[in-house]
$ cat run.cif   # mmCIF, C-alpha atoms (C1' of nucleotides)
data_final
loop_
_atom_site.group_PDB
_atom_site.id
_atom_site.type_symbol
_atom_site.label_atom_id
_atom_site.label_comp_id
_atom_site.auth_asym_id
_atom_site.auth_seq_id
_atom_site.Cartn_x
_atom_site.Cartn_y
_atom_site.Cartn_z
ATOM 1 C CA MET B 20 -1.248 -44.570 0.143
ATOM 2 C CA MET B 21 1.728 -43.004 -1.629
ATOM 3 C CA ASN B 22 2.977 -42.123 -5.060
ATOM 4 C CA HIS B 23 1.852 -44.601 -7.709
ATOM 5 C CA VAL B 24 5.254 -44.857 -9.372
ATOM 6 C CA GLU B 25 6.836 -45.892 -6.080
ATOM 7 C CA ILE B 26 4.130 -48.487 -5.530
ATOM 8 C CA PHE B 27 4.707 -50.070 -8.910
ATOM 9 C CA LYS B 28 8.466 -49.960 -8.433
ATOM 10 C CA ALA B 29 8.052 -51.911 -5.227
ATOM 11 C CA LEU B 30 6.302 -54.623 -7.238
ATOM 12 C CA SER B 31 8.895 -54.593 -10.024
ATOM 13 C CA ASN B 32 11.132 -57.238 -8.512
ATOM 14 C CA LYS B 33 10.783 -61.000 -8.559
ATOM 15 C CA THR B 34 11.920 -61.560 -4.976
ATOM 16 C CA ARG B 35 9.644 -58.871 -3.574
ATOM 17 C CA LEU B 36 6.667 -60.371 -5.377
ATOM 18 C CA GLU B 37 7.608 -63.769 -3.985
ATOM 19 C CA ILE B 38 7.818 -62.376 -0.466
ATOM 20 C CA LEU B 39 4.308 -60.993 -0.793
ATOM 21 C CA GLU B 40 3.114 -64.350 -2.083
ATOM 22 C CA TRP B 41 4.822 -66.288 0.709
ATOM 23 C CA LEU B 42 3.259 -64.036 3.312
ATOM 24 C CA LYS B 43 -0.192 -65.081 2.161
ATOM 25 C CA GLU B 44 0.337 -68.436 3.862
ATOM 26 C CA PRO B 45 2.889 -68.097 6.655
ATOM 27 C CA GLU B 46 2.110 -71.489 8.243
ATOM 28 C CA THR B 47 2.752 -73.287 4.972
ATOM 29 C CA ASN B 48 5.749 -71.309 3.820
ATOM 30 C CA PHE B 49 7.542 -70.723 7.120
ATOM 31 C CA PRO B 50 7.182 -73.871 9.238
ATOM 32 C CA GLY B 51 10.421 -72.924 10.995
ATOM 33 C CA GLN B 52 8.531 -70.212 12.818
ATOM 34 C CA LYS B 53 5.772 -72.487 14.076
ATOM 35 C CA GLU B 54 6.867 -72.373 17.721
ATOM 36 C CA TYR B 55 6.835 -68.582 17.777
ATOM 37 C CA GLY B 56 3.468 -68.105 16.119
ATOM 38 C CA TYR B 57 2.354 -66.047 13.151
ATOM 39 C CA VAL B 58 0.242 -63.388 14.833
ATOM 40 C CA HIS B 59 2.366 -60.483 13.625
ATOM 41 C CA GLY B 60 3.531 -62.216 10.473
ATOM 42 C CA VAL B 61 6.951 -63.595 9.705
ATOM 43 C CA CYS B 62 10.332 -62.420 10.942
ATOM 44 C CA VAL B 63 13.128 -61.218 8.696
ATOM 45 C CA GLY B 64 15.367 -64.203 9.329
ATOM 46 C CA GLN B 65 12.778 -66.667 8.059
ATOM 47 C CA LEU B 66 12.181 -64.579 4.971
ATOM 48 C CA GLN B 67 15.906 -64.348 4.372
ATOM 49 C CA ILE B 68 16.349 -68.115 4.418
ATOM 50 C CA LYS B 69 13.482 -68.596 1.998
ATOM 51 C CA ALA B 70 14.639 -65.836 -0.339
ATOM 52 C CA GLY B 71 18.215 -67.041 -0.441
ATOM 53 C CA LEU B 72 19.594 -63.500 -0.422
ATOM 54 C CA THR B 73 21.647 -61.729 2.215
ATOM 55 C CA GLN B 74 20.115 -60.359 5.375
ATOM 56 C CA SER B 75 20.773 -56.780 4.351
ATOM 57 C CA THR B 76 19.075 -57.205 0.996
ATOM 58 C CA VAL B 77 15.988 -58.822 2.450
ATOM 59 C CA SER B 78 15.773 -56.183 5.143
ATOM 60 C CA GLU B 79 15.881 -53.451 2.533
ATOM 61 C CA TYR B 80 13.299 -55.174 0.345
ATOM 62 C CA LEU B 81 10.970 -55.369 3.294
ATOM 63 C CA SER B 82 11.297 -51.691 3.996
ATOM 64 C CA ILE B 83 10.555 -50.948 0.333
ATOM 65 C CA LEU B 84 7.403 -53.049 0.580
ATOM 66 C CA GLN B 85 6.538 -51.322 3.828
ATOM 67 C CA ARG B 86 6.980 -47.829 2.396
ATOM 68 C CA ALA B 87 4.679 -48.834 -0.456
ATOM 69 C CA GLY B 88 2.141 -49.982 2.114
ATOM 70 C CA PHE B 89 2.016 -53.666 1.218
ATOM 71 C CA VAL B 90 3.318 -54.936 4.550
ATOM 72 C CA GLN B 91 3.231 -53.818 8.156
ATOM 73 C CA ALA B 92 6.132 -54.252 10.544
ATOM 74 C CA THR B 93 5.867 -55.119 14.219
ATOM 75 C CA ARG B 94 8.870 -55.150 16.498
ATOM 76 C CA VAL B 95 8.727 -57.781 19.238
ATOM 77 C CA GLY B 96 11.878 -58.120 21.250
ATOM 78 C CA GLN B 97 14.765 -58.537 18.868
ATOM 79 C CA TRP B 98 12.539 -59.652 16.044
ATOM 80 C CA THR B 99 10.707 -57.636 13.447
ATOM 81 C CA TYR B 100 7.685 -59.373 12.049
ATOM 82 C CA TYR B 101 6.220 -58.471 8.710
ATOM 83 C CA LYS B 102 2.706 -59.233 7.577
ATOM 84 C CA ARG B 103 0.657 -58.308 4.540
ATOM 85 C CA ASP B 104 -1.715 -55.375 4.609
ATOM 86 C CA GLU B 105 -4.572 -56.724 2.529
ATOM 87 C CA ALA B 106 -6.231 -53.328 2.321
ATOM 88 C CA ALA B 107 -3.323 -52.043 0.250
ATOM 89 C CA PHE B 108 -3.895 -54.697 -2.388
ATOM 90 C CA GLU B 109 -7.599 -53.981 -2.590
ATOM 91 C CA LYS B 110 -6.873 -50.306 -2.830
ATOM 92 C CA LEU B 111 -4.372 -50.779 -5.631
ATOM 93 C CA SER B 112 -6.733 -53.088 -7.449
ATOM 94 C CA LYS B 113 -9.382 -50.362 -7.373
ATOM 95 C CA VAL B 114 -6.936 -47.679 -8.452
ATOM 96 C CA ILE B 115 -6.061 -49.708 -11.511
ATOM 97 C CA SER B 116 -9.594 -50.479 -12.560
ATOM 98 C CA GLU B 117 -10.991 -47.042 -11.784
ATOM 99 C CA PHE B 118 -8.294 -44.457 -12.202
ATOM 100 C CA LEU B 119 -5.405 -45.828 -14.199
ATOM 101 C CA MET Y 28 -0.631 -61.377 -20.472
ATOM 102 C CA MET Y 29 3.076 -61.504 -19.705
ATOM 103 C CA ASN Y 30 5.467 -61.666 -16.779
ATOM 104 C CA HIS Y 31 4.209 -59.679 -13.792
ATOM 105 C CA VAL Y 32 7.516 -57.997 -13.066
ATOM 106 C CA GLU Y 33 7.644 -56.590 -16.592
ATOM 107 C CA ILE Y 34 4.092 -55.329 -16.260
ATOM 108 C CA PHE Y 35 4.853 -53.450 -13.067
ATOM 109 C CA LYS Y 36 8.078 -52.092 -14.525
ATOM 110 C CA ALA Y 37 6.096 -50.652 -17.395
ATOM 111 C CA LEU Y 38 4.013 -48.762 -14.844
ATOM 112 C CA SER Y 39 7.030 -47.594 -12.835
ATOM 113 C CA ASN Y 40 7.550 -44.361 -14.729
ATOM 114 C CA LYS Y 41 5.761 -41.054 -14.394
ATOM 115 C CA THR Y 42 5.620 -40.284 -18.097
ATOM 116 C CA ARG Y 43 4.309 -43.719 -19.004
ATOM 117 C CA LEU Y 44 1.567 -43.436 -16.419
ATOM 118 C CA GLU Y 45 0.683 -40.027 -17.818
ATOM 119 C CA ILE Y 46 0.497 -41.407 -21.340
ATOM 120 C CA LEU Y 47 -1.966 -44.048 -20.181
ATOM 121 C CA GLU Y 48 -3.991 -41.379 -18.440
ATOM 122 C CA TRP Y 49 -4.002 -39.065 -21.460
ATOM 123 C CA LEU Y 50 -5.163 -41.887 -23.700
ATOM 124 C CA LYS Y 51 -8.323 -42.242 -21.634
ATOM 125 C CA GLU Y 52 -9.615 -39.036 -23.224
ATOM 126 C CA PRO Y 53 -7.971 -38.485 -26.593
ATOM 127 C CA GLU Y 54 -10.402 -35.781 -27.730
ATOM 128 C CA THR Y 55 -9.705 -33.694 -24.649
ATOM 129 C CA ASN Y 56 -5.975 -34.261 -24.428
ATOM 130 C CA PHE Y 57 -5.027 -34.250 -28.105
ATOM 131 C CA PRO Y 58 -7.135 -31.625 -29.876
ATOM 132 C CA GLY Y 59 -4.384 -31.311 -32.477
ATOM 133 C CA GLN Y 60 -5.427 -34.632 -33.890
ATOM 134 C CA LYS Y 61 -9.082 -33.727 -34.261
ATOM 135 C CA GLU Y 62 -9.036 -33.585 -38.069
ATOM 136 C CA TYR Y 63 -7.566 -37.085 -38.326
ATOM 137 C CA GLY Y 64 -9.914 -38.761 -35.877
ATOM 138 C CA TYR Y 65 -9.320 -40.910 -32.838
ATOM 139 C CA VAL Y 66 -10.568 -44.284 -34.064
ATOM 140 C CA HIS Y 67 -7.245 -46.038 -33.609
ATOM 141 C CA GLY Y 68 -6.073 -43.841 -30.786
ATOM 142 C CA VAL Y 69 -3.396 -41.159 -30.848
ATOM 143 C CA CYS Y 70 -0.286 -40.975 -32.984
ATOM 144 C CA VAL Y 71 3.259 -40.842 -31.611
ATOM 145 C CA GLY Y 72 3.870 -37.250 -32.651
ATOM 146 C CA GLN Y 73 0.959 -35.945 -30.606
ATOM 147 C CA LEU Y 74 2.059 -37.923 -27.594
ATOM 148 C CA GLN Y 75 5.577 -36.649 -27.999
ATOM 149 C CA ILE Y 76 4.480 -33.009 -27.958
ATOM 150 C CA LYS Y 77 2.393 -33.570 -24.840
ATOM 151 C CA ALA Y 78 5.112 -35.535 -23.037
ATOM 152 C CA GLY Y 79 7.815 -33.004 -23.811
ATOM 153 C CA LEU Y 80 10.419 -35.705 -24.367
ATOM 154 C CA THR Y 81 12.251 -36.655 -27.530
ATOM 155 C CA GLN Y 82 10.622 -38.687 -30.264
ATOM 156 C CA SER Y 83 12.860 -41.670 -29.640
ATOM 157 C CA THR Y 84 12.081 -41.762 -25.952
ATOM 158 C CA VAL Y 85 8.335 -41.570 -26.455
ATOM 159 C CA SER Y 86 8.488 -44.228 -29.151
ATOM 160 C CA GLU Y 87 10.331 -46.538 -26.802
ATOM 161 C CA TYR Y 88 7.960 -45.874 -23.925
ATOM 162 C CA LEU Y 89 5.061 -46.761 -26.167
ATOM 163 C CA SER Y 90 6.611 -50.045 -27.124
ATOM 164 C CA ILE Y 91 7.213 -50.819 -23.453
ATOM 165 C CA LEU Y 92 3.547 -50.170 -22.748
ATOM 166 C CA GLN Y 93 2.610 -52.264 -25.743
ATOM 167 C CA ARG Y 94 4.768 -55.215 -24.690
ATOM 168 C CA ALA Y 95 3.095 -55.053 -21.290
ATOM 169 C CA GLY Y 96 -0.281 -55.152 -23.037
ATOM 170 C CA PHE Y 97 -1.602 -51.776 -21.935
ATOM 171 C CA VAL Y 98 -1.829 -50.261 -25.413
ATOM 172 C CA GLN Y 99 -2.413 -51.526 -28.917
ATOM 173 C CA ALA Y 100 -0.658 -50.098 -31.966
ATOM 174 C CA THR Y 101 -2.197 -49.600 -35.385
ATOM 175 C CA ARG Y 102 -0.149 -48.501 -38.359
ATOM 176 C CA VAL Y 103 -2.022 -46.284 -40.819
ATOM 177 C CA GLY Y 104 0.121 -44.833 -43.564
ATOM 178 C CA GLN Y 105 3.106 -43.183 -41.982
ATOM 179 C CA TRP Y 106 1.433 -42.887 -38.613
ATOM 180 C CA THR Y 107 1.291 -45.323 -35.760
ATOM 181 C CA TYR Y 108 -1.703 -44.863 -33.520
ATOM 182 C CA TYR Y 109 -1.764 -46.092 -29.976
ATOM 183 C CA LYS Y 110 -4.858 -46.760 -27.930
ATOM 184 C CA ARG Y 111 -5.516 -48.248 -24.516
ATOM 185 C CA ASP Y 112 -6.453 -51.872 -24.135
ATOM 186 C CA GLU Y 113 -8.952 -51.654 -21.300
ATOM 187 C CA ALA Y 114 -9.016 -55.413 -20.866
ATOM 188 C CA ALA Y 115 -5.404 -55.332 -19.704
ATOM 189 C CA PHE Y 116 -6.277 -52.978 -16.858
ATOM 190 C CA GLU Y 117 -9.204 -55.091 -15.732
ATOM 191 C CA LYS Y 118 -7.040 -58.168 -15.894
ATOM 192 C CA LEU Y 119 -4.295 -56.586 -13.825
ATOM 193 C CA SER Y 120 -6.814 -55.313 -11.315
ATOM 194 C CA LYS Y 121 -8.086 -58.863 -10.856
ATOM 195 C CA VAL Y 122 -4.579 -60.284 -10.603
ATOM 196 C CA ILE Y 123 -3.809 -57.899 -7.769
ATOM 197 C CA SER Y 124 -6.955 -58.524 -5.783
ATOM 198 C CA GLU Y 125 -7.031 -62.283 -6.341
ATOM 199 C CA PHE Y 126 -3.522 -63.575 -6.777
ATOM 200 C CA LEU Y 127 -0.994 -61.063 -5.575
ATOM 201 C "C1'" DA X 12 13.249 -41.992 -58.358
ATOM 202 C "C1'" DC X 13 13.358 -38.488 -54.888
ATOM 203 C "C1'" DA X 14 12.400 -35.242 -51.060
ATOM 204 C "C1'" DG X 15 9.724 -34.890 -47.017
ATOM 205 C "C1'" DT X 16 7.514 -36.700 -42.911
ATOM 206 C "C1'" DA X 17 6.520 -40.235 -39.113
ATOM 207 C "C1'" DT X 18 8.246 -43.739 -36.463
ATOM 208 C "C1'" DA X 19 11.647 -47.214 -34.907
ATOM 209 C "C1'" DT X 20 16.121 -48.553 -33.614
ATOM 210 C "C1'" DC X 21 20.931 -47.875 -32.152
ATOM 211 C "C1'" DG X 22 24.746 -46.262 -29.148
ATOM 212 C "C1'" DG X 23 25.800 -43.880 -25.236
ATOM 213 C "C1'" DA X 24 26.059 -40.841 -20.670
ATOM 214 C "C1'" DA X 25 23.906 -40.233 -16.292
ATOM 215 C "C1'" DA X 26 20.997 -41.843 -12.755
ATOM 216 C "C1'" DA X 27 18.662 -45.563 -10.353
ATOM 217 C "C1'" DT X 28 18.353 -50.336 -8.748
ATOM 218 C "C1'" DA X 29 20.046 -54.974 -7.286
ATOM 219 C "C1'" DC X 30 22.747 -57.057 -4.374
ATOM 220 C "C1'" DC X 31 26.689 -57.722 -1.464
ATOM 221 C "C1'" DG X 32 29.883 -57.476 2.878
ATOM 222 C "C1'" DA X 33 30.891 -54.741 6.814
ATOM 223 C "C1'" DT X 34 29.292 -52.231 10.480
ATOM 224 C "C1'" DA X 35 25.903 -50.105 13.624
ATOM 225 C "C1'" DT X 36 21.934 -50.520 16.550
ATOM 226 C "C1'" DA X 37 18.719 -52.797 19.539
ATOM 227 C "C1'" DC X 38 17.403 -56.238 22.479
ATOM 228 C "C1'" DC X 39 18.082 -60.374 25.369
ATOM 229 C "C1'" DG X 40 19.862 -63.425 29.023
ATOM 230 C "C1'" DA X 41 23.621 -64.419 32.276
ATOM 231 C "C1'" DT L 29 28.020 -55.098 32.093
ATOM 232 C "C1'" DC L 30 29.005 -58.193 28.540
ATOM 233 C "C1'" DG L 31 28.409 -61.654 24.710
ATOM 234 C "C1'" DG L 32 25.124 -63.321 21.562
ATOM 235 C "C1'" DT L 33 21.412 -62.742 18.295
ATOM 236 C "C1'" DA L 34 18.174 -60.123 15.070
ATOM 237 C "C1'" DT L 35 17.672 -56.349 12.256
ATOM 238 C "C1'" DA L 36 18.907 -51.886 10.046
ATOM 239 C "C1'" DT L 37 22.019 -49.023 7.758
ATOM 240 C "C1'" DC L 38 26.197 -47.838 5.103
ATOM 241 C "C1'" DG L 39 29.446 -48.018 1.188
ATOM 242 C "C1'" DG L 40 30.406 -50.117 -2.949
ATOM 243 C "C1'" DT L 41 30.224 -52.743 -7.616
ATOM 244 C "C1'" DA L 42 27.496 -54.612 -11.383
ATOM 245 C "C1'" DT L 43 23.428 -54.216 -13.876
ATOM 246 C "C1'" DT L 44 19.361 -51.798 -15.457
ATOM 247 C "C1'" DT L 45 16.742 -47.788 -16.629
ATOM 248 C "C1'" DT L 46 16.207 -43.075 -18.315
ATOM 249 C "C1'" DC L 47 16.607 -40.180 -21.733
ATOM 250 C "C1'" DC L 48 19.232 -38.230 -25.477
ATOM 251 C "C1'" DG L 49 21.047 -37.461 -30.484
ATOM 252 C "C1'" DA L 50 22.002 -39.800 -34.661
ATOM 253 C "C1'" DT L 51 20.635 -42.922 -37.939
ATOM 254 C "C1'" DA L 52 17.652 -46.342 -40.221
ATOM 255 C "C1'" DT L 53 13.223 -47.672 -41.989
ATOM 256 C "C1'" DA L 54 8.716 -46.954 -43.913
ATOM 257 C "C1'" DC L 55 5.411 -44.478 -46.228
ATOM 258 C "C1'" DT L 56 3.583 -40.432 -49.221
ATOM 259 C "C1'" DG L 57 3.139 -37.153 -52.829
ATOM 260 C "C1'" DT L 58 5.386 -35.369 -57.028
#
$ encode --input "run.cif" --output "structure tokens"
Amino acid sequence: MMNHVEIFKALSNKTRLEILEWLKEPETNFPGQKEYGYVHGVCVGQLQIKAGLTQSTVSEYLSILQRAGFVQATRVGQWTYYKRDEAAFEKLSKVISEFL
Amino acid sequence: MMNHVEIFKALSNKTRLEILEWLKEPETNFPGQKEYGYVHGVCVGQLQIKAGLTQSTVSEYLSILQRAGFVQATRVGQWTYYKRDEAAFEKLSKVISEFL
DNA sequence: ACAGTATATCGGAAAATACCGATATACCGA
DNA sequence: TCGGTATATCGGTATTTTCCGATATACTGT
């Protein structure tokens, strides 16, 4: 993983925490993407609508979450799909209970 | 506990993370306080010396950590001792692996 | 009551973050 | 090749955070 401070900073924002929560259940939270599937996660546009912020802001938030390791990005055509990396959460959970 | 964003913000600073780490082993990290004991933790002055920041800054950092639940303060005479609240770390660890 | 010490709080300058709109890049279909 | 769509990046303003020095508060011994 990366620097702990950067990881906690990534989680220090209401919208970013919500994004992570929404991505736990893509089918429920992003029905608008049903026809395209959820294999690689959810695309930026869907997240933007749900977040109610501008495209540029959501895009940046996603790259912050990606740098911290919480999500993985997959480019498919003109779309970038983001999905949670569950291992990162387990890892952080362990870091907190064992090393912090 | 409190709002998750505030908790992660409290952990988004190098010095504050170091303080939490130092408080895991007061005897080792704060030998200057040996004669006064470590029952209630470590006093602000000792933490200030170790952190190398001003008294006001360290005092504020400690209250940030306290508001987030990571440390408990005990006033004894003119000293305020701070010690870790291990339960807060376990709780946060669970929150991350189960809810985040 | 007073001087000394420990900590908390206040006010502020500099740096970082939260967001935005505009623009650039990448891909697609015609 | 060109127009349309999805995303990333850039430049900027408002807010927040970092860290400081000065001051206020609280306690202690004389």
$ resolve_selection --input "run.cif" --expression "the PyMOL selection byres ((chain L) within 12 of (chain B))" --output "list in words"
DG32, DT33, DA34, DT35, DA36, DT37, DC38 and DT45 of chain L
$ resolve_selection --input "run.cif" --expression "the PyMOL selection byres ((chain X) within 9 of (chain Y))" --output "list in words"
DT16, DA17, DT18, DA19 and DT20 of chain X
$ interface_residues --input "run.cif" --of "chain B" --to "chain Y" --cutoff "6 Å" --atoms "only C-alpha atoms" --output "number ranges by chain"
B: 24, 27-28, 31-32, 108-109, 112, 115-116
$ calpha_fit_and_write --input "run.cif" --fixed "chain B" --moving "chain Y" --output "PDB file with C-alpha atoms, in the frame of the given file"
ATOM      1  CA  MET Y  28      -1.315 -44.557   0.078  1.00  0.00           C
ATOM      2  CA  MET Y  29       1.699 -43.017  -1.622  1.00  0.00           C
ATOM      3  CA  ASN Y  30       2.977 -42.086  -5.058  1.00  0.00           C
ATOM      4  CA  HIS Y  31       1.878 -44.572  -7.715  1.00  0.00           C
ATOM      5  CA  VAL Y  32       5.267 -44.846  -9.369  1.00  0.00           C
ATOM      6  CA  GLU Y  33       6.856 -45.888  -6.079  1.00  0.00           C
ATOM      7  CA  ILE Y  34       4.141 -48.468  -5.540  1.00  0.00           C
ATOM      8  CA  PHE Y  35       4.723 -50.068  -8.917  1.00  0.00           C
ATOM      9  CA  LYS Y  36       8.481 -49.955  -8.427  1.00  0.00           C
ATOM     10  CA  ALA Y  37       8.053 -51.899  -5.221  1.00  0.00           C
ATOM     11  CA  LEU Y  38       6.303 -54.598  -7.238  1.00  0.00           C
ATOM     12  CA  SER Y  39       8.899 -54.587 -10.024  1.00  0.00           C
ATOM     13  CA  ASN Y  40      11.130 -57.239  -8.509  1.00  0.00           C
ATOM     14  CA  LYS Y  41      10.777 -60.997  -8.543  1.00  0.00           C
ATOM     15  CA  THR Y  42      11.923 -61.552  -4.978  1.00  0.00           C
ATOM     16  CA  ARG Y  43       9.645 -58.871  -3.577  1.00  0.00           C
ATOM     17  CA  LEU Y  44       6.669 -60.360  -5.368  1.00  0.00           C
ATOM     18  CA  GLU Y  45       7.605 -63.756  -3.972  1.00  0.00           C
ATOM     19  CA  ILE Y  46       7.812 -62.368  -0.455  1.00  0.00           C
ATOM     20  CA  LEU Y  47       4.296 -60.987  -0.787  1.00  0.00           C
ATOM     21  CA  GLU Y  48       3.116 -64.332  -2.080  1.00  0.00           C
ATOM     22  CA  TRP Y  49       4.809 -66.288   0.709  1.00  0.00           C
ATOM     23  CA  LEU Y  50       3.253 -64.036   3.323  1.00  0.00           C
ATOM     24  CA  LYS Y  51      -0.208 -65.076   2.175  1.00  0.00           C
ATOM     25  CA  GLU Y  52       0.338 -68.437   3.872  1.00  0.00           C
ATOM     26  CA  PRO Y  53       2.882 -68.103   6.661  1.00  0.00           C
ATOM     27  CA  GLU Y  54       2.108 -71.480   8.246  1.00  0.00           C
ATOM     28  CA  THR Y  55       2.746 -73.290   4.982  1.00  0.00           C
ATOM     29  CA  ASN Y  56       5.748 -71.307   3.826  1.00  0.00           C
ATOM     30  CA  PHE Y  57       7.545 -70.736   7.122  1.00  0.00           C
ATOM     31  CA  PRO Y  58       7.190 -73.877   9.238  1.00  0.00           C
ATOM     32  CA  GLY Y  59      10.414 -72.931  11.010  1.00  0.00           C
ATOM     33  CA  GLN Y  60       8.549 -70.220  12.823  1.00  0.00           C
ATOM     34  CA  LYS Y  61       5.785 -72.475  14.085  1.00  0.00           C
ATOM     35  CA  GLU Y  62       6.874 -72.374  17.736  1.00  0.00           C
ATOM     36  CA  TYR Y  63       6.850 -68.570  17.789  1.00  0.00           C
ATOM     37  CA  GLY Y  64       3.480 -68.100  16.131  1.00  0.00           C
ATOM     38  CA  TYR Y  65       2.361 -66.065  13.163  1.00  0.00           C
ATOM     39  CA  VAL Y  66       0.245 -63.397  14.852  1.00  0.00           C
ATOM     40  CA  HIS Y  67       2.358 -60.500  13.640  1.00  0.00           C
ATOM     41  CA  GLY Y  68       3.524 -62.208  10.495  1.00  0.00           C
ATOM     42  CA  VAL Y  69       6.960 -63.604   9.712  1.00  0.00           C
ATOM     43  CA  CYS Y  70      10.327 -62.422  10.949  1.00  0.00           C
ATOM     44  CA  VAL Y  71      13.144 -61.218   8.693  1.00  0.00           C
ATOM     45  CA  GLY Y  72      15.375 -64.211   9.343  1.00  0.00           C
ATOM     46  CA  GLN Y  73      12.796 -66.674   8.061  1.00  0.00           C
ATOM     47  CA  LEU Y  74      12.197 -64.594   4.978  1.00  0.00           C
ATOM     48  CA  GLN Y  75      15.904 -64.347   4.381  1.00  0.00           C
ATOM     49  CA  ILE Y  76      16.369 -68.120   4.432  1.00  0.00           C
ATOM     50  CA  LYS Y  77      13.497 -68.606   2.002  1.00  0.00           C
ATOM     51  CA  ALA Y  78      14.643 -65.830  -0.340  1.00  0.00           C
ATOM     52  CA  GLY Y  79      18.227 -67.037  -0.435  1.00  0.00           C
ATOM     53  CA  LEU Y  80      19.595 -63.499  -0.434  1.00  0.00           C
ATOM     54  CA  THR Y  81      21.656 -61.726   2.188  1.00  0.00           C
ATOM     55  CA  GLN Y  82      20.130 -60.355   5.358  1.00  0.00           C
ATOM     56  CA  SER Y  83      20.756 -56.770   4.333  1.00  0.00           C
ATOM     57  CA  THR Y  84      19.073 -57.201   0.986  1.00  0.00           C
ATOM     58  CA  VAL Y  85      15.982 -58.831   2.438  1.00  0.00           C
ATOM     59  CA  SER Y  86      15.766 -56.183   5.140  1.00  0.00           C
ATOM     60  CA  GLU Y  87      15.862 -53.468   2.519  1.00  0.00           C
ATOM     61  CA  TYR Y  88      13.288 -55.175   0.329  1.00  0.00           C
ATOM     62  CA  LEU Y  89      10.968 -55.384   3.295  1.00  0.00           C
ATOM     63  CA  SER Y  90      11.282 -51.707   3.989  1.00  0.00           C
ATOM     64  CA  ILE Y  91      10.549 -50.964   0.335  1.00  0.00           C
ATOM     65  CA  LEU Y  92       7.394 -53.050   0.578  1.00  0.00           C
ATOM     66  CA  GLN Y  93       6.520 -51.333   3.822  1.00  0.00           C
ATOM     67  CA  ARG Y  94       6.978 -47.833   2.402  1.00  0.00           C
ATOM     68  CA  ALA Y  95       4.683 -48.834  -0.447  1.00  0.00           C
ATOM     69  CA  GLY Y  96       2.126 -49.981   2.124  1.00  0.00           C
ATOM     70  CA  PHE Y  97       2.013 -53.660   1.224  1.00  0.00           C
ATOM     71  CA  VAL Y  98       3.319 -54.944   4.554  1.00  0.00           C
ATOM     72  CA  GLN Y  99       3.217 -53.820   8.152  1.00  0.00           C
ATOM     73  CA  ALA Y 100       6.122 -54.264  10.556  1.00  0.00           C
ATOM     74  CA  THR Y 101       5.855 -55.138  14.226  1.00  0.00           C
ATOM     75  CA  ARG Y 102       8.868 -55.168  16.499  1.00  0.00           C
ATOM     76  CA  VAL Y 103       8.738 -57.804  19.240  1.00  0.00           C
ATOM     77  CA  GLY Y 104      11.914 -58.133  21.248  1.00  0.00           C
ATOM     78  CA  GLN Y 105      14.784 -58.552  18.855  1.00  0.00           C
ATOM     79  CA  TRP Y 106      12.550 -59.674  16.029  1.00  0.00           C
ATOM     80  CA  THR Y 107      10.717 -57.657  13.447  1.00  0.00           C
ATOM     81  CA  TYR Y 108       7.680 -59.389  12.045  1.00  0.00           C
ATOM     82  CA  TYR Y 109       6.216 -58.485   8.711  1.00  0.00           C
ATOM     83  CA  LYS Y 110       2.694 -59.211   7.582  1.00  0.00           C
ATOM     84  CA  ARG Y 111       0.636 -58.299   4.544  1.00  0.00           C
ATOM     85  CA  ASP Y 112      -1.723 -55.369   4.616  1.00  0.00           C
ATOM     86  CA  GLU Y 113      -4.576 -56.716   2.524  1.00  0.00           C
ATOM     87  CA  ALA Y 114      -6.234 -53.320   2.325  1.00  0.00           C
ATOM     88  CA  ALA Y 115      -3.324 -52.030   0.258  1.00  0.00           C
ATOM     89  CA  PHE Y 116      -3.902 -54.693  -2.384  1.00  0.00           C
ATOM     90  CA  GLU Y 117      -7.610 -53.977  -2.592  1.00  0.00           C
ATOM     91  CA  LYS Y 118      -6.881 -50.291  -2.835  1.00  0.00           C
ATOM     92  CA  LEU Y 119      -4.376 -50.771  -5.631  1.00  0.00           C
ATOM     93  CA  SER Y 120      -6.744 -53.075  -7.461  1.00  0.00           C
ATOM     94  CA  LYS Y 121      -9.389 -50.350  -7.380  1.00  0.00           C
ATOM     95  CA  VAL Y 122      -6.930 -47.673  -8.463  1.00  0.00           C
ATOM     96  CA  ILE Y 123      -6.046 -49.714 -11.524  1.00  0.00           C
ATOM     97  CA  SER Y 124      -9.581 -50.497 -12.583  1.00  0.00           C
ATOM     98  CA  GLU Y 125     -10.991 -47.050 -11.823  1.00  0.00           C
ATOM     99  CA  PHE Y 126      -8.299 -44.453 -12.249  1.00  0.00           C
ATOM    100  CA  LEU Y 127      -5.392 -45.822 -14.203  1.00  0.00           C
TER     101      LEU Y 127
END
$ atom_distance --input "run.cif" --atom1 "CA of Leu74 (chain Y)" --atom2 "CA of Val98 (chain Y)"
13.1 Å
$ atom_distance --input "run.cif" --atom1 "CA of Ala92 (chain B)" --atom2 "CA of Asp104 (chain B)"
9.9 Å
$ atom_distance --input "run.cif" --atom1 "C1' of DA29 (chain X)" --atom2 "CA of Tyr57 (chain B)"
29.2 Å
$ resolve_selection --input "run.cif" --expression "the PyMOL selection byres ((chain B and resi 60) around 6)" --output "mmCIF file with C-alpha atoms, keeping the file's coordinate frame"
data_model
loop_
_atom_site.group_PDB
_atom_site.id
_atom_site.type_symbol
_atom_site.label_atom_id
_atom_site.label_comp_id
_atom_site.auth_asym_id
_atom_site.auth_seq_id
_atom_site.Cartn_x
_atom_site.Cartn_y
_atom_site.Cartn_z
ATOM 1 C CA TYR B 57 2.354 -66.047 13.151
ATOM 2 C CA VAL B 58 0.242 -63.388 14.833
ATOM 3 C CA HIS B 59 2.366 -60.483 13.625
ATOM 4 C CA VAL B 61 6.951 -63.595 9.705
ATOM 5 C CA TYR B 100 7.685 -59.373 12.049
ATOM 6 C CA TYR B 101 6.220 -58.471 8.710
ATOM 7 C CA LYS B 102 2.706 -59.233 7.577
#
